[in-house]
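These notes concern the structure reproduced below.
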Amino acid sequence: MPISVYTDGSSKGNPGPGGWGVHIDKDGEIYEFFGRDDNTTNNKMELKAAIEGLIFFKEHQQLDLYTDSAYVLNGITTWIKGWKKNGWKNSKNQPVKNKELWQKLDFQNSRHKVRWIKVKAHSGDRRNDRADYLATF
């Protein structure tokens, strides 16, 4: 059975102070962790949360990773293929923003079997709400 990993990031201002949070349910055992940055963006914190959620697992795992970020979901499941093929340039031939974070996420993603799942923010999903709380408190 896959392990559930819920991730969220936030910032007050873009850029501004922000945070990320991870809530993991592994066979009924709950793991939570979070981090802060004084000068960041929401997208960076969303990426950081997903990276940290995957780093947590030292060995290959089957994971369901839930994110409310279309940026992270689309980036890791679709856009990244073109970015890598085009030397980390986007469709407008501009350098990909947050390249270093995307490269870290790509590496961590390759270590596991991850099913990326979009969850609606602030929709009453208690585990996603918990990741949001960890990212913002």
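Ordering of the structure tokens sets the chain letters (A, B, ...); residue numbers start at 1 within each chain; ligands are numbered from 1 in the order shown.
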
Which residues are close to Ile3 of chain A, i.e. within 10 Å by only C-alpha atoms, leaving aside same-chain residues fewer than 3 positions away? Reply as a list in words.
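Answer for this query is Tyr6, Ile24, Asp25, Lys26, Asp27, Gly28, Gln61, Gln62, Leu63, Asp64, Leu65 and Val114 of chain A.
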
Discussion item. What parts of segment 5-126 of chain A does DSSP call strand (DSSP E or B)? I'd like the answer as a ChimeraX atom specification.
Written reply: /A:5-11,16-26,29-40,62-67,89,95,113-118

Could you write out that same residue set with C-alpha atoms as a short mmCIF file (atom, residue, chain, number, x, y, z; two decimals), in the first residue's frame?
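In the end it all went to part_13.cif:
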data_model
loop_
_atom_site.label_atom_id
_atom_site.label_comp_id
_atom_site.auth_asym_id
_atom_site.auth_seq_id
_atom_site.Cartn_x
_atom_site.Cartn_y
_atom_site.Cartn_z
CA VAL A 5 2.71 12.28 1.63
CA TYR A 6 0.96 15.66 1.85
CA THR A 7 3.01 18.77 1.09
CA ASP A 8 2.33 22.48 1.11
CA GLY A 9 4.22 25.74 0.85
CA SER A 10 3.36 29.36 1.49
CA SER A 11 4.72 32.87 1.57
CA GLY A 16 8.52 37.48 1.49
CA PRO A 17 8.76 35.26 4.55
CA GLY A 18 7.47 31.75 3.94
CA GLY A 19 7.41 28.16 4.97
CA TRP A 20 6.80 24.60 3.91
CA GLY A 21 5.16 21.65 5.62
CA VAL A 22 4.99 17.89 5.18
CA HIS A 23 2.47 15.45 6.69
CA ILE A 24 3.17 11.74 6.12
CA ASP A 25 0.91 8.80 6.92
CA LYS A 26 2.92 5.57 6.77
CA GLU A 29 2.25 6.27 11.79
CA ILE A 30 2.28 10.04 11.35
CA TYR A 31 5.42 12.06 10.62
CA GLU A 32 5.41 15.84 10.32
CA PHE A 33 8.09 18.40 9.67
CA PHE A 34 8.42 21.93 8.35
CA GLY A 35 10.86 24.73 7.59
CA ARG A 36 11.01 28.47 7.16
CA ASP A 37 12.74 31.05 4.95
CA ASP A 38 12.84 34.80 5.56
CA ASN A 39 12.85 35.76 1.87
CA THR A 40 11.22 33.33 -0.53
CA GLN A 62 5.86 3.56 -3.35
CA LEU A 63 4.35 6.94 -2.50
CA ASP A 64 1.20 8.94 -3.15
CA LEU A 65 2.32 12.57 -3.00
CA TYR A 66 -0.52 15.06 -2.64
CA THR A 67 0.00 18.70 -3.55
CA LYS A 89 14.97 26.36 -20.96
CA PRO A 95 15.96 29.79 -18.23
CA LYS A 113 7.72 5.27 -7.39
CA VAL A 114 5.60 8.39 -6.93
CA ARG A 115 2.01 8.90 -7.92
CA TRP A 116 1.49 12.68 -8.02
CA ILE A 117 -2.03 13.69 -6.97
CA LYS A 118 -3.63 17.13 -7.09
#

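Distance-wise, atom CA of Ser69 of chain A and atom CA of Glu46 of chain A end up 6.9 Å apart.
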
Closest pair table for segment 35-60 of chain A residues within 12 Å of segment 74-78 of chain A, only C-alpha atoms, as a Markdown table:
| residue | atom | partner | partner_atom | distance |
| --- | --- | --- | --- | --- |
| A:Asn43 | CA | A:Gly75 | CA | 11.0 |
| A:Glu46 | CA | A:Gly75 | CA | 11.5 |
| A:Leu47 | CA | A:Ile76 | CA | 9.8 |
| A:Ala50 | CA | A:Ile76 | CA | 10.3 |
| A:Ile51 | CA | A:Ile76 | CA | 11.2 |

Helix (DSSP H, G or I) residues, from DSSP on the backbone, in chain A, as a ChimeraX atom specification: /A:42-55,70-85,99-110,126-136

N, CA and C atoms of the current selection, written as a compact mmCIF listing (two decimals), in the first residue's frame:
# COMPACT_ATOMS: atom_id res chain seq x y z
N ASN A 42 6.20 31.60 -2.89
CA ASN A 42 5.30 30.48 -2.69
C ASN A 42 5.77 29.27 -3.50
N ASN A 43 6.14 29.49 -4.76
CA ASN A 43 6.56 28.36 -5.60
C ASN A 43 7.79 27.66 -5.04
N LYS A 44 8.75 28.42 -4.53
CA LYS A 44 9.94 27.80 -3.93
C LYS A 44 9.56 26.95 -2.73
N MET A 45 8.65 27.43 -1.92
CA MET A 45 8.25 26.68 -0.73
C MET A 45 7.44 25.44 -1.10
N GLU A 46 6.62 25.52 -2.14
CA GLU A 46 5.90 24.34 -2.61
C GLU A 46 6.89 23.27 -3.09
N LEU A 47 7.91 23.69 -3.82
CA LEU A 47 8.94 22.76 -4.29
C LEU A 47 9.72 22.18 -3.12
N LYS A 48 10.10 23.04 -2.18
CA LYS A 48 10.87 22.59 -1.02
C LYS A 48 10.10 21.54 -0.22
N ALA A 49 8.81 21.74 -0.05
CA ALA A 49 7.98 20.77 0.67
C ALA A 49 8.01 19.41 -0.02
N ALA A 50 7.83 19.40 -1.34
CA ALA A 50 7.84 18.13 -2.07
C ALA A 50 9.21 17.46 -1.98
N ILE A 51 10.27 18.22 -2.11
CA ILE A 51 11.63 17.68 -2.00
C ILE A 51 11.82 17.05 -0.63
N GLU A 52 11.50 17.78 0.42
CA GLU A 52 11.70 17.28 1.78
C GLU A 52 10.84 16.05 2.06
N GLY A 53 9.63 16.04 1.51
CA GLY A 53 8.78 14.87 1.68
C GLY A 53 9.38 13.61 1.08
N LEU A 54 10.09 13.76 -0.03
CA LEU A 54 10.73 12.61 -0.67
C LEU A 54 12.07 12.26 -0.01
N ILE A 55 12.81 13.26 0.43
CA ILE A 55 14.10 13.03 1.09
C ILE A 55 13.90 12.21 2.37
N ALA A 70 -0.53 23.40 -8.63
CA ALA A 70 -0.51 23.02 -10.04
C ALA A 70 0.90 23.20 -10.62
N TYR A 71 1.62 24.20 -10.12
CA TYR A 71 3.00 24.45 -10.55
C TYR A 71 3.88 23.23 -10.31
N VAL A 72 3.84 22.68 -9.12
CA VAL A 72 4.65 21.50 -8.79
C VAL A 72 4.15 20.29 -9.57
N LEU A 73 2.86 20.05 -9.56
CA LEU A 73 2.30 18.88 -10.23
C LEU A 73 2.61 18.88 -11.73
N ASN A 74 2.29 19.98 -12.41
CA ASN A 74 2.55 20.05 -13.84
C ASN A 74 4.04 20.03 -14.15
N GLY A 75 4.82 20.71 -13.31
CA GLY A 75 6.25 20.76 -13.53
C GLY A 75 6.89 19.39 -13.48
N ILE A 76 6.59 18.60 -12.47
CA ILE A 76 7.27 17.31 -12.28
C ILE A 76 6.69 16.22 -13.18
N THR A 77 5.43 16.33 -13.56
CA THR A 77 4.83 15.27 -14.38
C THR A 77 4.86 15.56 -15.88
N THR A 78 4.99 16.82 -16.26
CA THR A 78 4.90 17.17 -17.69
C THR A 78 6.05 18.07 -18.15
N TRP A 79 6.14 19.26 -17.59
CA TRP A 79 7.07 20.27 -18.11
C TRP A 79 8.53 19.86 -18.02
N ILE A 80 8.90 19.12 -16.97
CA ILE A 80 10.30 18.82 -16.72
C ILE A 80 10.94 18.05 -17.88
N LYS A 81 10.17 17.23 -18.55
CA LYS A 81 10.72 16.47 -19.68
C LYS A 81 11.25 17.42 -20.76
N GLY A 82 10.47 18.43 -21.10
CA GLY A 82 10.89 19.42 -22.10
C GLY A 82 12.03 20.29 -21.60
N TRP A 83 11.98 20.67 -20.33
CA TRP A 83 13.06 21.49 -19.77
C TRP A 83 14.40 20.78 -19.87
N LYS A 84 14.42 19.51 -19.51
CA LYS A 84 15.68 18.75 -19.55
C LYS A 84 16.14 18.58 -20.99
N LYS A 85 15.22 18.29 -21.88
CA LYS A 85 15.55 18.12 -23.30
C LYS A 85 16.10 19.41 -23.90
N LYS A 99 15.48 26.43 -11.10
CA LYS A 99 16.13 25.27 -11.71
C LYS A 99 16.75 24.34 -10.68
N GLU A 100 17.48 24.88 -9.72
CA GLU A 100 18.16 24.04 -8.73
C GLU A 100 17.16 23.22 -7.92
N LEU A 101 16.04 23.84 -7.56
CA LEU A 101 15.01 23.10 -6.82
C LEU A 101 14.37 22.03 -7.70
N TRP A 102 14.11 22.35 -8.96
CA TRP A 102 13.55 21.36 -9.87
C TRP A 102 14.50 20.18 -10.06
N GLN A 103 15.79 20.45 -10.13
CA GLN A 103 16.75 19.37 -10.28
C GLN A 103 16.77 18.48 -9.04
N LYS A 104 16.68 19.09 -7.87
CA LYS A 104 16.62 18.30 -6.63
C LYS A 104 15.35 17.46 -6.59
N LEU A 105 14.23 18.07 -6.97
CA LEU A 105 12.96 17.33 -6.97
C LEU A 105 13.01 16.19 -7.98
N ASP A 106 13.56 16.43 -9.14
CA ASP A 106 13.68 15.40 -10.16
C ASP A 106 14.50 14.22 -9.64
N PHE A 107 15.61 14.50 -8.99
CA PHE A 107 16.44 13.44 -8.44
C PHE A 107 15.69 12.65 -7.37
N GLN A 108 15.06 13.33 -6.44
CA GLN A 108 14.32 12.64 -5.38
C GLN A 108 13.16 11.84 -5.96
N ASN A 109 12.48 12.39 -6.95
CA ASN A 109 11.37 11.70 -7.60
C ASN A 109 11.84 10.40 -8.26
N SER A 110 13.05 10.43 -8.82
CA SER A 110 13.58 9.25 -9.52
C SER A 110 13.95 8.12 -8.55
N ARG A 126 -8.32 16.87 5.75
CA ARG A 126 -7.61 17.16 7.00
C ARG A 126 -6.10 17.02 6.88
N ARG A 127 -5.63 16.09 6.04
CA ARG A 127 -4.18 15.91 5.91
C ARG A 127 -3.56 17.04 5.10
N ASN A 128 -4.26 17.50 4.07
CA ASN A 128 -3.76 18.65 3.33
C ASN A 128 -3.84 19.92 4.18
N ASP A 129 -4.91 20.04 4.95
CA ASP A 129 -5.03 21.19 5.85
C ASP A 129 -3.91 21.18 6.89
N ARG A 130 -3.50 20.00 7.32
CA ARG A 130 -2.41 19.90 8.29
C ARG A 130 -1.08 20.35 7.66
N ALA A 131 -0.81 19.92 6.44
CA ALA A 131 0.40 20.36 5.74
C ALA A 131 0.38 21.88 5.57
N ASP A 132 -0.79 22.43 5.27
CA ASP A 132 -0.95 23.88 5.14
C ASP A 132 -0.65 24.56 6.47
N TYR A 133 -1.16 24.02 7.54
CA TYR A 133 -0.91 24.57 8.87
C TYR A 133 0.59 24.57 9.18
N LEU A 134 1.25 23.45 8.91
CA LEU A 134 2.69 23.35 9.18
C LEU A 134 3.48 24.38 8.36
N ALA A 135 3.00 24.67 7.15
CA ALA A 135 3.68 25.63 6.28
C ALA A 135 3.45 27.07 6.69
N THR A 136 2.40 27.32 7.45
CA THR A 136 2.01 28.71 7.71
C THR A 136 2.03 29.15 9.17

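Closest to Phe56 of chain A among A:Gly124, A:Lys97, A:His112, A:Pro2 is A:His112, based on only C-alpha atoms.
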
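The shortest atom-to-atom distance to His122 of chain A, with only C-alpha atoms taken into account, belongs to A:Asp68 out of A:Phe57, A:Asp68, A:Lys12, A:Thr41.
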